[in-house]
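One structure is given below, encoded as structure tokens.
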Amino acid sequence: PYEVLVVGQGPAGAAAAIYLARKGIHTGLVGERFGGQVLDTMAIENFISVPYTEGPKYAAALEAHVGNYEIDVIKSQVATELIPATEPGGLHTVRFGDDAALRAHEVIIATGAHWRLMGVPGEQEYRNKGVTFCPHCDGPLFKGKDIAVIGGGNSGIEAAIDLAGLASHVTVLEFMPQCLADEVLMDKLNSMPNVDVITNAQTTEVLGDGEQVTGISYRDRASSETGQLALSGVFVQIGLVPNTDWLAGTLELSPRKEIVTDRRGLTAVEGIYAAGDCSTEPYKQIVVAQGSGAIAALSAWEHLIRQQTV
Ligand code: FAD
């Protein structure tokens, strides 16, 4: 068995594994797709100390850094079940389908999240060509341009407020008859001169010229009338879904399905930690995920030395 098994090979999992290996801990790093969500993006401009990199390049650097250490890397494996130890100091089991399992004294879960998609024509085709999911990451690309934010919940309205400071004009499209964001956010949004909100709006297609987004079409759900907006960018803000389905019933999940952790990354189950986008750690960003992975790793290490198993 491993002393610590890290599940998930994104920024959080890689950081956790490196911190553990540097403490001489026998560490396994297992996951589905090395690099995680960053593989789905191009420009990364807020990974501090690296002014510009690209998703696939960052993922390759992550893997190379992990490769500098004695970490047992197991790729292309999807965890399907976590079976916590039945007694203090016992081994936890992570299952991968019916036939495979790994065991460890401590487990760090860093399985990340994925953005909920609209599922309309053009959305995939124009991903990174005007369709984007991360205002903190891509907002500056749309300085002085007309854009839309899809979704009038808290994250959509926060995104619209943020982007209105950069973009020429922001249109928020909300599917329901009214936005569901907190009143204080709506008041702020309504005070901004360059923002419109269209409610009851079902986005039906992302339009483009083959290279870039040029607009969207939508249907008014009340009147069934259709409309089009000319735009350079579409920020989809209809939810970030943590990859935690496989843990339901085993670990405590928040209403948003994030693994509930304390400040040190510990879950309610002794010896099981979570880090990054799959956890309740706030703000889903690379630097945050890495920091969160480091915290979980140091917590796991501290727990191990206190148990004197290392
Ligand atoms: P992830 O990156 O999601 O990694 C999770 C890992 O777990 C993956 O390896 C995945 O394959 C694996 N996994 C999932 N489920 C299982 C399972 N059941 N079993 C085994 N493995 C599993 N942040 C920035 O700071 N700057 C940016 O410019 C930026 N741009 C972004 C652009 C896009 C399009 C997206 C989607 C996100 C962007 N982000 C950006 C956010 C950033 O990518 C995330 O905050 C960060 O990747 C979270 O890291 P993580 O390790 O927690 O999770």
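Order determines the names: the first chain of the structure tokens is A, the second B, and so forth; residues in each chain are numbered 1 upward, and ligands are numbered 1 upward as they are shown.
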(request) Give the residues close to ligand 1, within 6 Å, counting only C-alpha atoms and all ligand atoms; write them as JSON, numbers by chain. (result) {"A": [7, 8, 9, 10, 11, 12, 13, 31, 32, 33, 34, 35, 36, 37, 38, 40, 41, 44, 45, 46, 47, 77, 78, 79, 80, 110, 111, 112, 113, 133, 134, 137, 243, 276, 277, 278, 284, 285, 286, 287, 289]}
(message) Would you pick out the contacts of Glu81 of chain A at 10 Å or less, using only C-alpha atoms, so that residues sharing its chain but fewer than 2 positions from it are not included, and give the list as a PyMOL selection string?
(response) chain A and resi 78-79+83-84+93-98+101+245-248+250
(request) Measuring atom to atom with only C-alpha atoms, identify which of A:Leu5, A:Ala61, A:Met176, A:Val66 is nearest to Gly271 of chain A. (result)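 Closest residue, counting only C-alpha atoms: A:Leu5.
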(request) Quick one: pull the distance between atom CA of Ser76 of chain A and atom CA of Gly90 of chain A, Å, one decimal. (result) 26.9 Å
(request) Could you check which of A:Pro51, A:Gly130, A:Pro1, A:Pro121 is closest to Gly28 of chain A, using only C-alpha atoms? (result) A:Pro1
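You will find atom CA of His26 of chain A at 5.7 Å from atom CA of Tyr2 of chain A.
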Who sits within 12 Å of Gly151 of chain A, only C-alpha atoms, same chain under 5 positions skipped, as a CSV table (one decimal) with C-alpha atoms, in the first residue's frame:
chain,number,residue,atom,x,y,z
A,116,ARG,CA,-21.7,22.8,-17.1
A,117,LEU,CA,-22.3,23.3,-20.8
A,118,MET,CA,-25.3,24.8,-22.5
A,133,PHE,CA,-16.1,29.8,-18.9
A,156,GLY,CA,-23.1,34.9,-13.7
A,157,ILE,CA,-23.9,38.3,-12.1
A,158,GLU,CA,-20.5,38.5,-10.5
A,159,ALA,CA,-19.0,37.8,-13.9
A,160,ALA,CA,-21.1,40.4,-15.5
A,171,THR,CA,-25.8,41.3,-21.9
A,172,VAL,CA,-26.9,38.8,-19.3
A,173,LEU,CA,-29.2,36.0,-20.5
A,174,GLU,CA,-31.1,34.3,-17.8
A,175,PHE,CA,-33.3,31.2,-18.5
A,176,MET,CA,-35.7,31.8,-15.6
A,177,PRO,CA,-38.2,34.7,-15.4
A,178,GLN,CA,-35.8,36.4,-13.0
A,179,CYS,CA,-32.1,36.3,-12.0
A,180,LEU,CA,-31.4,34.3,-8.9
A,181,ALA,CA,-28.3,36.2,-7.7
A,197,VAL,CA,-30.4,41.7,-18.6
A,198,ILE,CA,-32.7,39.5,-20.7
A,199,THR,CA,-34.8,37.1,-18.7
A,200,ASN,CA,-36.7,34.0,-19.9
A,201,ALA,CA,-34.0,33.7,-22.5
A,202,GLN,CA,-33.1,30.3,-23.7
A,203,THR,CA,-29.8,30.4,-25.7
A,234,VAL,CA,-19.9,34.4,-24.6
A,235,PHE,CA,-19.2,33.6,-20.9
A,236,VAL,CA,-21.1,30.5,-19.9
A,237,GLN,CA,-21.8,30.7,-16.1
A,238,ILE,CA,-24.4,28.0,-15.5
A,239,GLY,CA,-22.5,26.1,-12.9
A,240,LEU,CA,-19.2,24.3,-12.1
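If you measure from each of A:Leu229, A:Val4, A:Ile161, A:Met42 to Glu106 of chain A using only C-alpha atoms, the closest one turns out to be A:Val4.
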(request) Using only C-alpha atoms, determine which residues lie at most 7 Å from Ala17 of chain A, disregarding the query and same-chain residues fewer than 4 positions distant; provide the list as number ranges by chain. (result) A: 6, 13, 21, 27, 29
(request) Enter the distance from atom CA of Pro255 of chain A to atom CA of Val241 of chain A, in Å, rounded to one decimal. (result) 11.1 Å
(message) Please identify the helix (DSSP H, G or I) residues within segment 47-264 of chain A (assignment by DSSP from backbone atoms) and present them as a ChimeraX atom specification.
(response) /A:55-67,135-142,154-164,183-190,245-247
Restricting the output to C-alpha atoms, write the selected residues as a PDB file, in the first residue's frame.
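Output file again.pdb follows:
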ATOM      1  CA  GLY A  55      -2.978  24.938 -21.081  1.00  0.00           C
ATOM      2  CA  PRO A  56      -1.269  21.973 -22.763  1.00  0.00           C
ATOM      3  CA  LYS A  57       2.167  23.519 -22.076  1.00  0.00           C
ATOM      4  CA  TYR A  58       1.334  24.058 -18.412  1.00  0.00           C
ATOM      5  CA  ALA A  59       0.053  20.451 -18.170  1.00  0.00           C
ATOM      6  CA  ALA A  60       3.291  19.137 -19.700  1.00  0.00           C
ATOM      7  CA  ALA A  61       5.331  21.218 -17.226  1.00  0.00           C
ATOM      8  CA  LEU A  62       3.235  19.841 -14.374  1.00  0.00           C
ATOM      9  CA  GLU A  63       3.928  16.285 -15.499  1.00  0.00           C
ATOM     10  CA  ALA A  64       7.645  16.958 -15.951  1.00  0.00           C
ATOM     11  CA  HIS A  65       7.882  18.433 -12.451  1.00  0.00           C
ATOM     12  CA  VAL A  66       6.126  15.388 -10.967  1.00  0.00           C
ATOM     13  CA  GLY A  67       8.546  13.205 -12.974  1.00  0.00           C
ATOM     14  CA  PRO A 135     -14.017  35.568 -16.282  1.00  0.00           C
ATOM     15  CA  HIS A 136     -10.906  35.784 -14.061  1.00  0.00           C
ATOM     16  CA  CYS A 137      -8.916  34.060 -16.797  1.00  0.00           C
ATOM     17  CA  ASP A 138     -10.264  35.430 -20.067  1.00  0.00           C
ATOM     18  CA  GLY A 139     -11.944  38.753 -19.208  1.00  0.00           C
ATOM     19  CA  PRO A 140      -9.044  40.934 -20.459  1.00  0.00           C
ATOM     20  CA  LEU A 141      -9.297  39.322 -23.917  1.00  0.00           C
ATOM     21  CA  PHE A 142     -12.630  41.113 -24.383  1.00  0.00           C
ATOM     22  CA  ASN A 154     -24.410  34.576  -8.327  1.00  0.00           C
ATOM     23  CA  SER A 155     -21.493  33.505 -10.500  1.00  0.00           C
ATOM     24  CA  GLY A 156     -23.112  34.897 -13.677  1.00  0.00           C
ATOM     25  CA  ILE A 157     -23.911  38.259 -12.114  1.00  0.00           C
ATOM     26  CA  GLU A 158     -20.472  38.497 -10.466  1.00  0.00           C
ATOM     27  CA  ALA A 159     -18.968  37.755 -13.865  1.00  0.00           C
ATOM     28  CA  ALA A 160     -21.124  40.422 -15.523  1.00  0.00           C
ATOM     29  CA  ILE A 161     -20.100  43.044 -12.927  1.00  0.00           C
ATOM     30  CA  ASP A 162     -16.459  42.084 -13.354  1.00  0.00           C
ATOM     31  CA  LEU A 163     -16.615  42.089 -17.162  1.00  0.00           C
ATOM     32  CA  ALA A 164     -18.603  45.338 -17.411  1.00  0.00           C
ATOM     33  CA  GLU A 183     -29.906  41.345  -4.158  1.00  0.00           C
ATOM     34  CA  VAL A 184     -26.678  43.208  -3.396  1.00  0.00           C
ATOM     35  CA  LEU A 185     -25.161  41.860  -6.621  1.00  0.00           C
ATOM     36  CA  MET A 186     -28.290  42.744  -8.630  1.00  0.00           C
ATOM     37  CA  ASP A 187     -28.232  46.300  -7.202  1.00  0.00           C
ATOM     38  CA  LYS A 188     -24.606  46.682  -8.248  1.00  0.00           C
ATOM     39  CA  LEU A 189     -25.336  45.268 -11.698  1.00  0.00           C
ATOM     40  CA  ASN A 190     -28.339  47.535 -12.208  1.00  0.00           C
ATOM     41  CA  ASP A 245     -20.473  11.655  -7.889  1.00  0.00           C
ATOM     42  CA  TRP A 246     -18.394   8.624  -6.959  1.00  0.00           C
ATOM     43  CA  LEU A 247     -18.160   9.843  -3.341  1.00  0.00           C
TER      44      LEU A 247
END
(request) Do a neighbour search on Ala294 of chain A at 10 Å with only C-alpha atoms, toss out local chain neighbours closer than 6 positions, and write the hits as a list in words. (result)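 The filter keeps Ala12, Gly13, Ala14, Ala15, Ala16, Ala17, Ile18, Tyr19, Leu20, Arg264, Gly265, Ala275, Gly276, Val288 and Ala300 of chain A.
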Would you mind exporting N, CA and C atoms of the selected residues as an mmCIF file, in the first residue's frame?
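out-v8.cif, written as the output of this step:
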data_model
loop_
_atom_site.group_PDB
_atom_site.id
_atom_site.type_symbol
_atom_site.label_atom_id
_atom_site.label_comp_id
_atom_site.auth_asym_id
_atom_site.auth_seq_id
_atom_site.Cartn_x
_atom_site.Cartn_y
_atom_site.Cartn_z
ATOM 1 N N ALA A 12 -3.978 20.593 -8.358
ATOM 2 C CA ALA A 12 -4.062 20.285 -6.924
ATOM 3 C C ALA A 12 -3.381 18.954 -6.626
ATOM 4 N N GLY A 13 -3.695 17.923 -7.416
ATOM 5 C CA GLY A 13 -3.126 16.599 -7.176
ATOM 6 C C GLY A 13 -1.621 16.585 -7.387
ATOM 7 N N ALA A 14 -1.165 17.255 -8.440
ATOM 8 C CA ALA A 14 0.278 17.280 -8.721
ATOM 9 C C ALA A 14 1.025 17.993 -7.595
ATOM 10 N N ALA A 15 0.477 19.112 -7.125
ATOM 11 C CA ALA A 15 1.139 19.843 -6.034
ATOM 12 C C ALA A 15 1.190 18.983 -4.782
ATOM 13 N N ALA A 16 0.083 18.307 -4.473
ATOM 14 C CA ALA A 16 0.046 17.444 -3.279
ATOM 15 C C ALA A 16 1.112 16.363 -3.388
ATOM 16 N N ALA A 17 1.198 15.717 -4.558
ATOM 17 C CA ALA A 17 2.146 14.603 -4.722
ATOM 18 C C ALA A 17 3.590 15.086 -4.572
ATOM 19 N N ILE A 18 3.894 16.243 -5.136
ATOM 20 C CA ILE A 18 5.267 16.758 -5.037
ATOM 21 C C ILE A 18 5.611 17.099 -3.583
ATOM 22 N N TYR A 19 4.689 17.747 -2.891
ATOM 23 C CA TYR A 19 4.962 18.065 -1.479
ATOM 24 C C TYR A 19 5.198 16.789 -0.665
ATOM 25 N N LEU A 20 4.435 15.735 -0.940
ATOM 26 C CA LEU A 20 4.592 14.481 -0.195
ATOM 27 C C LEU A 20 5.927 13.812 -0.523
ATOM 28 N N ARG A 264 -7.523 22.829 6.812
ATOM 29 C CA ARG A 264 -6.346 22.019 6.515
ATOM 30 C C ARG A 264 -6.617 20.939 5.476
ATOM 31 N N GLY A 265 -7.766 21.025 4.845
ATOM 32 C CA GLY A 265 -8.062 20.075 3.775
ATOM 33 C C GLY A 265 -8.615 18.751 4.256
ATOM 34 N N ALA A 275 -8.745 18.498 -1.982
ATOM 35 C CA ALA A 275 -8.066 19.734 -2.360
ATOM 36 C C ALA A 275 -8.519 20.193 -3.739
ATOM 37 N N GLY A 276 -8.484 21.499 -3.953
ATOM 38 C CA GLY A 276 -8.759 22.065 -5.276
ATOM 39 C C GLY A 276 -10.244 22.155 -5.580
ATOM 40 N N VAL A 288 -4.836 28.670 -6.564
ATOM 41 C CA VAL A 288 -5.584 28.255 -5.369
ATOM 42 C C VAL A 288 -5.545 26.729 -5.251
ATOM 43 N N ALA A 300 -1.645 15.723 5.632
ATOM 44 C CA ALA A 300 -1.544 14.256 5.609
ATOM 45 C C ALA A 300 -0.199 13.820 6.188
#
